[in-house]
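*Asks:* Input structure: model12.pdb, which contains PDB, C-alpha atoms.
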```pdb
MODEL        1
ATOM      1  CA  MET Q  21      90.036  74.130  97.261
ATOM      2  CA  SER Q  22      88.508  76.022  94.366
ATOM      3  CA  ASP Q  23      85.066  76.882  93.034
ATOM      4  CA  THR Q  24      83.294  79.188  90.610
ATOM      5  CA  ILE Q  25      80.946  81.557  92.391
ATOM      6  CA  THR Q  26      78.682  84.435  91.388
ATOM      7  CA  LEU Q  27      79.567  87.957  92.468
ATOM      8  CA  LYS Q  28      77.437  91.076  92.171
ATOM      9  CA  ALA Q  29      78.679  94.555  91.283
ATOM     10  CA  ALA Q  30      77.310  97.723  92.876
ATOM     11  CA  ASP Q  31      75.022  98.333  89.897
ATOM     12  CA  GLY Q  32      73.451  94.884  90.306
ATOM     13  CA  HIS Q  33      75.315  93.095  87.515
ATOM     14  CA  SER Q  34      76.068  89.466  88.413
ATOM     15  CA  PHE Q  35      79.113  87.692  86.997
ATOM     16  CA  PRO Q  36      81.122  84.502  87.574
ATOM     17  CA  ALA Q  37      84.442  84.422  89.394
ATOM     18  CA  TYR Q  38      86.852  81.561  89.997
ATOM     19  CA  VAL Q  39      87.929  81.428  93.638
ATOM     20  CA  ALA Q  40      90.887  79.423  94.971
ATOM     21  CA  GLN Q  41      91.252  79.007  98.749
ATOM     22  CA  PRO Q  42      94.563  78.583 100.567
ATOM     23  CA  ALA Q  43      95.079  75.589 102.839
ATOM     24  CA  GLY Q  44      95.293  77.614 106.059
ATOM     25  CA  LYS Q  45      94.420  81.115 107.185
ATOM     26  CA  PRO Q  46      94.989  83.440 104.211
ATOM     27  CA  LYS Q  47      97.756  86.039 104.232
ATOM     28  CA  GLY Q  48      95.463  88.321 102.254
ATOM     29  CA  GLY Q  49      93.562  88.384  98.978
ATOM     30  CA  ILE Q  50      94.728  88.518  95.372
ATOM     31  CA  VAL Q  51      92.476  89.437  92.438
ATOM     32  CA  VAL Q  52      93.679  87.811  89.202
ATOM     33  CA  LEU Q  53      92.573  89.488  85.964
ATOM     34  CA  GLN Q  54      92.237  87.452  82.786
ATOM     35  CA  GLU Q  55      93.749  88.014  79.376
ATOM     36  CA  ILE Q  56      91.542  88.169  76.278
ATOM     37  CA  PHE Q  57      91.061  84.390  76.509
ATOM     38  CA  GLY Q  58      88.662  84.350  79.452
ATOM     39  CA  VAL Q  59      89.093  82.727  82.845
ATOM     40  CA  ASN Q  60      90.637  79.711  81.144
ATOM     41  CA  SER Q  61      92.800  76.904  82.515
ATOM     42  CA  HIS Q  62      95.891  79.114  82.599
ATOM     43  CA  ILE Q  63      94.236  81.890  84.596
ATOM     44  CA  ARG Q  64      92.765  79.314  86.951
ATOM     45  CA  SER Q  65      96.236  77.821  87.426
ATOM     46  CA  VAL Q  66      97.611  81.296  88.231
ATOM     47  CA  ALA Q  67      94.879  81.713  90.856
ATOM     48  CA  ASP Q  68      95.663  78.242  92.211
ATOM     49  CA  GLY Q  69      99.323  79.272  92.452
ATOM     50  CA  TYR Q  70      98.488  82.286  94.603
ATOM     51  CA  ALA Q  71      96.277  80.102  96.792
ATOM     52  CA  ALA Q  72      99.201  77.685  97.187
ATOM     53  CA  ALA Q  73     101.293  80.689  98.265
ATOM     54  CA  GLY Q  74      98.752  81.419 101.012
ATOM     55  CA  TYR Q  75      96.349  83.909  99.453
ATOM     56  CA  LEU Q  76      92.621  83.846  98.747
ATOM     57  CA  ALA Q  77      92.632  84.254  94.950
ATOM     58  CA  VAL Q  78      89.651  85.623  93.000
ATOM     59  CA  ALA Q  79      89.594  85.612  89.180
ATOM     60  CA  PRO Q  80      86.501  87.473  87.918
ATOM     61  CA  SER Q  81      85.186  87.180  84.386
ATOM     62  CA  THR Q  82      85.669  90.511  82.643
ATOM     63  CA  PHE Q  83      83.652  89.340  79.623
ATOM     64  CA  SER Q  84      80.379  88.960  81.529
ATOM     65  CA  ARG Q  85      78.974  92.368  80.638
ATOM     66  CA  ILE Q  86      78.932  91.398  76.969
ATOM     67  CA  GLY Q  87      77.263  88.079  77.685
ATOM     68  CA  LYS Q  88      80.405  85.914  77.590
ATOM     69  CA  GLY Q  89      80.971  85.348  81.287
ATOM     70  CA  GLY Q  90      81.728  81.658  81.031
ATOM     71  CA  LEU Q  91      83.859  81.865  77.897
ATOM     72  CA  GLU Q  92      87.322  80.342  77.876
ATOM     73  CA  ILE Q  93      89.365  79.940  74.715
ATOM     74  CA  GLY Q  94      92.849  78.874  73.695
ATOM     75  CA  TYR Q  95      95.686  80.561  71.844
ATOM     76  CA  THR Q  96      95.203  79.838  68.153
ATOM     77  CA  GLU Q  97      95.053  82.658  65.626
ATOM     78  CA  ALA Q  98      91.253  82.302  65.522
ATOM     79  CA  ASP Q  99      91.101  82.414  69.334
ATOM     80  CA  MET Q 100      93.255  85.535  69.329
ATOM     81  CA  LYS Q 101      90.944  87.242  66.848
ATOM     82  CA  GLU Q 102      87.867  86.289  68.868
ATOM     83  CA  GLY Q 103      89.423  87.467  72.121
ATOM     84  CA  MET Q 104      90.499  90.789  70.666
ATOM     85  CA  GLY Q 105      86.982  91.369  69.389
ATOM     86  CA  LEU Q 106      85.516  90.643  72.811
ATOM     87  CA  LYS Q 107      88.041  92.924  74.501
ATOM     88  CA  SER Q 108      87.104  95.711  72.083
ATOM     89  CA  ALA Q 109      83.422  95.191  72.897
ATOM     90  CA  VAL Q 110      84.098  95.500  76.634
ATOM     91  CA  GLU Q 111      86.322  98.547  76.134
ATOM     92  CA  ALA Q 112      83.482 100.151  74.129
ATOM     93  CA  LEU Q 113      81.013  99.855  77.031
ATOM     94  CA  PRO Q 114      79.902 103.145  78.578
ATOM     95  CA  ALA Q 115      82.065 104.216  81.526
ATOM     96  CA  PRO Q 116      82.860 102.797  84.019
ATOM     97  CA  GLY Q 117      82.596  99.630  81.920
ATOM     98  CA  VAL Q 118      83.907  96.523  83.653
ATOM     99  CA  MET Q 119      85.533  98.335  86.563
ATOM    100  CA  PRO Q 120      82.580  97.802  88.989
ATOM    101  CA  ASP Q 121      83.020  94.042  88.526
ATOM    102  CA  ILE Q 122      86.695  94.305  89.459
ATOM    103  CA  GLN Q 123      85.704  96.412  92.473
ATOM    104  CA  ALA Q 124      83.291  93.660  93.564
ATOM    105  CA  ALA Q 125      86.078  91.079  93.222
ATOM    106  CA  ILE Q 126      88.346  93.259  95.384
ATOM    107  CA  GLU Q 127      85.631  93.500  98.031
ATOM    108  CA  HIS Q 128      85.143  89.715  98.006
ATOM    109  CA  ALA Q 129      88.894  89.149  98.345
ATOM    110  CA  ALA Q 130      89.021  91.618 101.258
ATOM    111  CA  GLN Q 131      87.483  89.008 103.566
ATOM    112  CA  ALA Q 132      91.038  87.617 103.667
ATOM    113  CA  GLY Q 133      92.645  90.921 104.699
ATOM    114  CA  LYS Q 134      94.625  93.325 102.520
ATOM    115  CA  VAL Q 135      94.167  92.879  98.765
ATOM    116  CA  GLY Q 136      96.571  92.899  95.829
ATOM    117  CA  ILE Q 137      95.723  92.661  92.158
ATOM    118  CA  VAL Q 138      97.600  91.044  89.275
ATOM    119  CA  GLY Q 139      96.651  90.840  85.603
ATOM    120  CA  PHE Q 140      98.037  89.796  82.260
ATOM    121  CA  CYS Q 141      97.884  91.521  78.851
ATOM    122  CA  TRP Q 142      94.430  93.179  78.795
ATOM    123  CA  GLY Q 143      94.156  92.170  82.443
ATOM    124  CA  GLY Q 144      97.415  94.038  83.000
ATOM    125  CA  LEU Q 145      95.843  97.195  81.592
ATOM    126  CA  LEU Q 146      92.791  96.691  83.811
ATOM    127  CA  THR Q 147      95.114  96.108  86.781
ATOM    128  CA  TRP Q 148      96.785  99.457  86.117
ATOM    129  CA  ARG Q 149      93.414 101.199  85.874
ATOM    130  CA  ALA Q 150      92.285  99.490  89.076
ATOM    131  CA  ALA Q 151      95.425 100.712  90.863
ATOM    132  CA  CYS Q 152      94.587 104.255  89.771
ATOM    133  CA  THR Q 153      90.817 104.343  90.255
ATOM    134  CA  LEU Q 154      89.440 101.637  92.560
ATOM    135  CA  LYS Q 155      89.214 101.313  96.344
ATOM    136  CA  GLY Q 156      90.458  98.663  98.724
ATOM    137  CA  LEU Q 157      93.765  97.719  97.101
ATOM    138  CA  SER Q 158      97.185  97.621  98.756
ATOM    139  CA  ALA Q 159      99.366  96.683  95.745
ATOM    140  CA  ALA Q 160      99.081  96.048  92.006
ATOM    141  CA  VAL Q 161     101.184  94.048  89.535
ATOM    142  CA  PRO Q 162     100.371  94.343  85.808
ATOM    143  CA  TYR Q 163     102.133  91.906  83.473
ATOM    144  CA  TYR Q 164     102.685  93.232  79.911
ATOM    145  CA  GLY Q 165      99.618  95.448  80.158
ATOM    146  CA  GLY Q 166      98.597  96.072  76.571
ATOM    147  CA  GLY Q 167      97.856  99.786  76.209
ATOM    148  CA  MET Q 168      99.075 100.891  79.632
ATOM    149  CA  THR Q 169     102.180 102.545  78.175
ATOM    150  CA  THR Q 170     100.158 104.924  75.972
ATOM    151  CA  PRO Q 171     100.414 108.602  76.985
ATOM    152  CA  GLU Q 172      96.775 108.601  78.139
ATOM    153  CA  GLU Q 173      97.245 105.637  80.475
ATOM    154  CA  ALA Q 174     100.706 106.690  81.633
ATOM    155  CA  ALA Q 175      99.214 110.006  82.768
ATOM    156  CA  ARG Q 176      97.114 108.236  85.420
ATOM    157  CA  GLN Q 177      98.258 108.322  89.028
ATOM    158  CA  PRO Q 178      98.271 105.061  91.012
ATOM    159  CA  ARG Q 179      96.831 105.070  94.515
ATOM    160  CA  VAL Q 180      98.876 102.056  95.630
ATOM    161  CA  PRO Q 181     102.379 100.645  95.064
ATOM    162  CA  VAL Q 182     102.744  99.169  91.563
ATOM    163  CA  MET Q 183     105.239  96.731  90.061
ATOM    164  CA  ALA Q 184     105.048  96.247  86.284
ATOM    165  CA  HIS Q 185     106.556  93.441  84.175
ATOM    166  CA  PHE Q 186     107.358  93.815  80.451
ATOM    167  CA  GLY Q 187     109.237  91.874  77.792
ATOM    168  CA  ASP Q 188     111.844  93.500  75.557
ATOM    169  CA  GLN Q 189     110.717  91.432  72.532
ATOM    170  CA  ASP Q 190     107.032  92.349  72.904
ATOM    171  CA  HIS Q 191     105.809  93.658  69.541
ATOM    172  CA  TRP Q 192     102.492  94.679  71.140
ATOM    173  CA  ILE Q 193     104.242  96.977  73.632
ATOM    174  CA  PRO Q 194     107.261  98.699  72.012
ATOM    175  CA  LEU Q 195     110.218  99.199  74.329
ATOM    176  CA  ASP Q 196     110.319 102.943  73.714
ATOM    177  CA  THR Q 197     106.794 103.223  75.172
ATOM    178  CA  VAL Q 198     107.937 101.243  78.243
ATOM    179  CA  GLU Q 199     110.785 103.734  78.678
ATOM    180  CA  ALA Q 200     108.336 106.640  78.330
ATOM    181  CA  PHE Q 201     106.085 105.003  80.934
ATOM    182  CA  LYS Q 202     109.033 104.667  83.340
ATOM    183  CA  LYS Q 203     109.814 108.372  82.967
ATOM    184  CA  ALA Q 204     106.160 109.315  83.511
ATOM    185  CA  GLN Q 205     105.856 106.990  86.525
ATOM    186  CA  PRO Q 206     109.081 107.168  88.549
ATOM    187  CA  GLY Q 207     107.290 105.677  91.552
ATOM    188  CA  VAL Q 208     106.394 102.457  89.703
ATOM    189  CA  THR Q 209     108.844  99.560  89.881
ATOM    190  CA  VAL Q 210     109.350  98.429  86.268
ATOM    191  CA  HIS Q 211     111.079  95.173  85.322
ATOM    192  CA  VAL Q 212     111.940  94.347  81.710
ATOM    193  CA  TYR Q 213     112.750  90.746  80.751
ATOM    194  CA  ASN Q 214     114.476  89.186  77.765
ATOM    195  CA  ALA Q 215     111.117  87.785  76.698
ATOM    196  CA  ASN Q 216     108.082  88.149  74.470
ATOM    197  CA  HIS Q 217     104.466  89.104  75.130
ATOM    198  CA  GLY Q 218     102.713  86.412  77.150
ATOM    199  CA  PHE Q 219     105.934  85.107  78.669
ATOM    200  CA  ASN Q 220     104.151  84.003  81.847
ATOM    201  CA  CYS Q 221     101.754  81.598  80.109
ATOM    202  CA  ASP Q 222     103.083  78.049  79.859
ATOM    203  CA  GLN Q 223     100.385  77.213  77.276
ATOM    204  CA  ARG Q 224     101.723  79.685  74.708
ATOM    205  CA  GLY Q 225     104.681  79.546  72.365
ATOM    206  CA  SER Q 226     105.940  82.787  73.908
ATOM    207  CA  TYR Q 227     106.331  81.161  77.339
ATOM    208  CA  ASN Q 228     109.688  81.931  78.916
ATOM    209  CA  GLU Q 229     110.291  79.800  81.999
ATOM    210  CA  ALA Q 230     113.166  81.850  83.370
ATOM    211  CA  ALA Q 231     111.336  85.168  82.993
ATOM    212  CA  ALA Q 232     108.096  83.740  84.407
ATOM    213  CA  LYS Q 233     109.912  82.313  87.446
ATOM    214  CA  LEU Q 234     111.764  85.547  88.190
ATOM    215  CA  ALA Q 235     108.642  87.687  87.704
ATOM    216  CA  ARG Q 236     106.672  85.425  90.055
ATOM    217  CA  GLU Q 237     109.398  85.599  92.712
ATOM    218  CA  ARG Q 238     109.460  89.380  92.482
ATOM    219  CA  THR Q 239     105.665  89.574  92.535
ATOM    220  CA  LEU Q 240     105.339  87.328  95.583
ATOM    221  CA  ALA Q 241     107.978  89.393  97.412
ATOM    222  CA  PHE Q 242     106.134  92.592  96.461
ATOM    223  CA  PHE Q 243     102.826  91.232  97.710
ATOM    224  CA  ALA Q 244     104.465  89.958 100.900
ATOM    225  CA  GLN Q 245     105.805  93.458 101.512
ATOM    226  CA  HIS Q 246     102.495  95.251 100.964
ATOM    227  CA  ILE Q 247      99.865  92.667 101.886
ATOM    228  CA  GLY Q 248     101.440  90.144 104.232
TER     229      GLY Q 248
ENDMDL
END
```
Would you mind writing the structure in this file as structure tokens?

*Replies:*
Amino acid sequence: MSDTITLKAADGHSFPAYVAQPAGKPKGGIVVLQEIFGVNSHIRSVADGYAAAGYLAVAPSTFSRIGKGGLEIGYTEADMKEGMGLKSAVEALPAPGVMPDIQAAIEHAAQAGKVGIVGFCWGGLLTWRAACTLKGLSAAVPYYGGGMTTPEEAARQPRVPVMAHFGDQDHWIPLDTVEAFKKAQPGVTVHVYNANHGFNCDQRGSYNEAAAKLARERTLAFFAQHIG
């Protein structure tokens, strides 16, 4: 069962979130963070997949603070340009930006028990920041987090166990920066796949079924270890 609900951050900002319920008693909660394309059909299917695996899944809109809470776009060149512009607008917000919304999603997911967080591309970066700055998490899994391998981001210290997935053909995240991140974060489990950026998304040309399947298996095992 799934629905779109309204959540409220600590500062009073209200925003939409897609929520997928498991069939039985949840093992825990998983927050799913969108890419630059909104909480679109792919992100909803990811949330549905975690619900099918037994978790209460919550996918908050991270575009809401710039007035685009309900936006969902595809993967054309024009969509990519629009999404990157929206991401830049959110990143330019005064601190703490969108992080209170993610905190509210974590708190909603906590009704199911321990909470993990997973995100893709920009959502991967936000997942890394959440692991380092927010409360109430037990594990975090960023997928090809754009920007998280920069020296500034790699200098952060996670508060919870982290597993990170990258592709060795990702021109947005050069492999040498992934290696530098691994050296800076010896406690983070880093997996590198023979794949491109966006390899988890079956709606994109960069989809890699083998890499997506293996990353999901590893992620589910990681969450089972730290959440239940």

*Asks:* Determine, counting only C-alpha atoms, which protein, DNA and RNA residues have an atom within 9 Å of an atom of Q:Tyr95; residues of the same chain fewer than 3 positions away are not included. Present the result as an NGL selection string.

*Replies:* :Q and (57 or 98-100 or 223-224)

*Asks:* Quick one: residues within 9 Å of Q:Trp192, all atoms listed in the file counted, chain neighbours fewer than 4 positions away excluded, as an MDAnalysis selection string?

*Replies:* chainID Q and resid 164 166:167 217

*Asks:* For Q:Ala72, which residue out of Q:Gly143, Q:Gly44, Q:Gly58, Q:Gly94 is the nearest one, using all atoms listed in the file?

*Replies:* Q:Gly44

*Asks:* Residues within 6 Å of Q:Gly49, please, as a PDB file with C-alpha atoms, in the coordinates of the input. Count only C-alpha atoms; anything in the same chain fewer than 4 positions from it doesn't count.

*Replies:*
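After the write, around.pdb holds the following:
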```pdb
ATOM      1  CA  TYR Q  75      96.349  83.909  99.453  1.00  0.00           C
ATOM      2  CA  LEU Q  76      92.621  83.846  98.747  1.00  0.00           C
ATOM      3  CA  ALA Q  77      92.632  84.254  94.950  1.00  0.00           C
ATOM      4  CA  ALA Q 129      88.894  89.149  98.345  1.00  0.00           C
ATOM      5  CA  ALA Q 132      91.038  87.617 103.667  1.00  0.00           C
ATOM      6  CA  VAL Q 135      94.167  92.879  98.765  1.00  0.00           C
TER       7      VAL Q 135
END
```

*Asks:* Considering only C-alpha atoms, return as a PyMOL selection string whatever protein or nucleic-acid residues lie within 10 Å of Q:Phe186, sequence-local ones (same chain, fewer than 3 positions apart) excluded.

*Replies:* chain Q and resi 141+162-166+189-190+193-195+198+210-219+231+235

*Asks:* Could you write out as a PyMOL selection string the residues that the PyMOL selection byres ((chain Q and resi 159) around 10) matches in the shown file?

*Replies:* chain Q and resi 50+134-138+147+151+156-158+160-161+178-183+242-247

*Asks:* Would you mind reading off the distance between atom CA of Q:Asn220 and atom CA of Q:His185, one decimal, in Å?

*Replies:*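 Atom-to-atom, atom CA of Q:Asn220 and atom CA of Q:His185 are spaced 10.0 Å apart.
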
*Asks:* Which residues, written as a PDB file with C-alpha atoms, in the frame of the given file, have at least one atom at most 12 Å from Q:Leu113, with only C-alpha atoms counted and residues fewer than 4 positions away on the same chain left out?

*Replies:*
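Here's the written file result15.pdb:
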```pdb
ATOM      1  CA  THR Q  82      85.669  90.511  82.643  1.00  0.00           C
ATOM      2  CA  PHE Q  83      83.652  89.340  79.623  1.00  0.00           C
ATOM      3  CA  SER Q  84      80.379  88.960  81.529  1.00  0.00           C
ATOM      4  CA  ARG Q  85      78.974  92.368  80.638  1.00  0.00           C
ATOM      5  CA  ILE Q  86      78.932  91.398  76.969  1.00  0.00           C
ATOM      6  CA  LEU Q 106      85.516  90.643  72.811  1.00  0.00           C
ATOM      7  CA  LYS Q 107      88.041  92.924  74.501  1.00  0.00           C
ATOM      8  CA  SER Q 108      87.104  95.711  72.083  1.00  0.00           C
ATOM      9  CA  ALA Q 109      83.422  95.191  72.897  1.00  0.00           C
ATOM     10  CA  GLY Q 117      82.596  99.630  81.920  1.00  0.00           C
ATOM     11  CA  VAL Q 118      83.907  96.523  83.653  1.00  0.00           C
ATOM     12  CA  MET Q 119      85.533  98.335  86.563  1.00  0.00           C
TER      13      MET Q 119
END
```

*Asks:* If you apply the PyMOL selection byres ((chain Q and resi 24) around 9) to this file, what residues do you get, as a list in words?

*Replies:* Ser22, Asp23, Ile25, Thr26, Pro36, Ala37, Tyr38, Val39 and Ala40 of chain Q

*Asks:* Go through Q:Val51, Q:Ala43, Q:Pro114, Q:Met168 one by one, measure the shortest atom-to-atom distance of each to Q:Glu127 using all atoms listed in the file, and give the residue with the smallest value.

*Replies:*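 Ranking Q:Val51, Q:Ala43, Q:Pro114, Q:Met168 by distance to Q:Glu127, first place goes to Q:Val51.
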
*Asks:* Would you translate the PyMOL selection byres ((chain Q and resi 202-206) around 9) into the concrete set of residues it matches in this file, as a VMD selection string?

*Replies:* chain Q and resid 169 171 174 to 177 197 to 201 207 to 210

*Asks:* Residues as selected, C-alpha atoms, written as a compact mmCIF listing (two decimals), in the frame of the given file, can you do that?

*Replies:*
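What landed in result.txt:
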```
# COMPACT_ATOMS: atom_id res chain seq x y z
CA THR Q 169 102.18 102.54 78.18
CA PRO Q 171 100.41 108.60 76.98
CA ALA Q 174 100.71 106.69 81.63
CA ALA Q 175 99.21 110.01 82.77
CA ARG Q 176 97.11 108.24 85.42
CA GLN Q 177 98.26 108.32 89.03
CA THR Q 197 106.79 103.22 75.17
CA VAL Q 198 107.94 101.24 78.24
CA GLU Q 199 110.78 103.73 78.68
CA ALA Q 200 108.34 106.64 78.33
CA PHE Q 201 106.08 105.00 80.93
CA GLY Q 207 107.29 105.68 91.55
CA VAL Q 208 106.39 102.46 89.70
CA THR Q 209 108.84 99.56 89.88
CA VAL Q 210 109.35 98.43 86.27
```

*Asks:* Smallest atom-to-atom distance to Q:Lys47: which of Q:Gly74, Q:Gly87, Q:Pro116, Q:Pro80, using all atoms listed in the file?

*Replies:*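 That would be Q:Gly74, the residue with the smallest distance to Q:Lys47.
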
*Asks:* Can you work out which one of Q:Gly225, Q:Gly32, Q:Gly48, Q:Gly248 has the shortest atom-to-atom distance to Q:Ala130, counting all atoms listed in the file?

*Replies:*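 When distances to Q:Ala130 are compared using all atoms listed in the file, the smallest one comes from Q:Gly48.
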
*Asks:* How many Å lie between atom CA of Q:Pro42 and atom CA of Q:His128, rounded to one decimal?

*Replies:*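 Between these atoms lies a distance of 14.8 Å.
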
*Asks:* Distance atom CA of Q:Ile63-atom CA of Q:Ile126, one decimal place?

*Replies:*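 Going from atom CA of Q:Ile63 over to atom CA of Q:Ile126, I get 16.7 Å.
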
*Asks:* From the set Q:Gly133, Q:Ser81, Q:Ala184, Q:Arg64, which residue has the shortest atom-to-atom contact distance to Q:Pro46, counting all atoms listed in the file?

*Replies:*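 Among the listed residues, Q:Gly133 lies closest to Q:Pro46.
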
*Asks:* Kindly indicate which residue among Q:Ala73, Q:Val59, Q:Val66, Q:Ala125 lies nearest to Q:Gly103, using all atoms listed in the file for the distances.

*Replies:*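 Between Q:Ala73, Q:Val59, Q:Val66, Q:Ala125, the residue approaching Q:Gly103 most closely is Q:Val59.
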
*Asks:* Could you please give me, as a list in words, the residues of protein, DNA or RNA lying at most 8 Å from (93.7, 103.9, 82.6) in the coordinate frame of the file, considering only C-alpha atoms?

*Replies:*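 Applying the cut-off with only C-alpha atoms, one gets Leu145, Leu146, Trp148, Arg149, Ala150, Cys152, Met168, Glu172, Glu173, Ala174 and Arg176 of chain Q.
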
*Asks:* Is there a way to complete stretch 60-72 of chain Q with N, CA and C atoms and then write that out as a short mmCIF file (atom, residue, chain, number, x, y, z; two decimals), in the coordinates of the input?

*Replies:*
```cif
data_model
loop_
_atom_site.label_atom_id
_atom_site.label_comp_id
_atom_site.auth_asym_id
_atom_site.auth_seq_id
_atom_site.Cartn_x
_atom_site.Cartn_y
_atom_site.Cartn_z
N ASN Q 60 90.37 81.05 81.68
CA ASN Q 60 90.64 79.71 81.14
C ASN Q 60 91.55 78.93 82.08
N SER Q 61 92.02 77.78 81.63
CA SER Q 61 92.80 76.90 82.52
C SER Q 61 94.08 77.58 83.00
N HIS Q 62 94.68 78.43 82.16
CA HIS Q 62 95.89 79.11 82.60
C HIS Q 62 95.60 80.10 83.73
N ILE Q 63 94.57 80.91 83.56
CA ILE Q 63 94.24 81.89 84.60
C ILE Q 63 93.83 81.18 85.89
N ARG Q 64 93.12 80.08 85.75
CA ARG Q 64 92.76 79.31 86.95
C ARG Q 64 94.02 78.76 87.63
N SER Q 65 95.00 78.34 86.83
CA SER Q 65 96.24 77.82 87.43
C SER Q 65 97.02 78.93 88.11
N VAL Q 66 96.96 80.15 87.57
CA VAL Q 66 97.61 81.30 88.23
C VAL Q 66 96.94 81.54 89.58
N ALA Q 67 95.61 81.53 89.60
CA ALA Q 67 94.88 81.71 90.86
C ALA Q 67 95.23 80.60 91.84
N ASP Q 68 95.29 79.37 91.35
CA ASP Q 68 95.66 78.24 92.21
C ASP Q 68 97.07 78.44 92.80
N GLY Q 69 97.96 79.02 91.99
CA GLY Q 69 99.32 79.27 92.45
C GLY Q 69 99.37 80.28 93.59
N TYR Q 70 98.54 81.32 93.51
CA TYR Q 70 98.49 82.29 94.60
C TYR Q 70 97.85 81.68 95.84
N ALA Q 71 96.87 80.80 95.64
CA ALA Q 71 96.28 80.10 96.79
C ALA Q 71 97.33 79.21 97.46
N ALA Q 72 98.14 78.54 96.64
CA ALA Q 72 99.20 77.68 97.19
C ALA Q 72 100.23 78.51 97.96
#
```
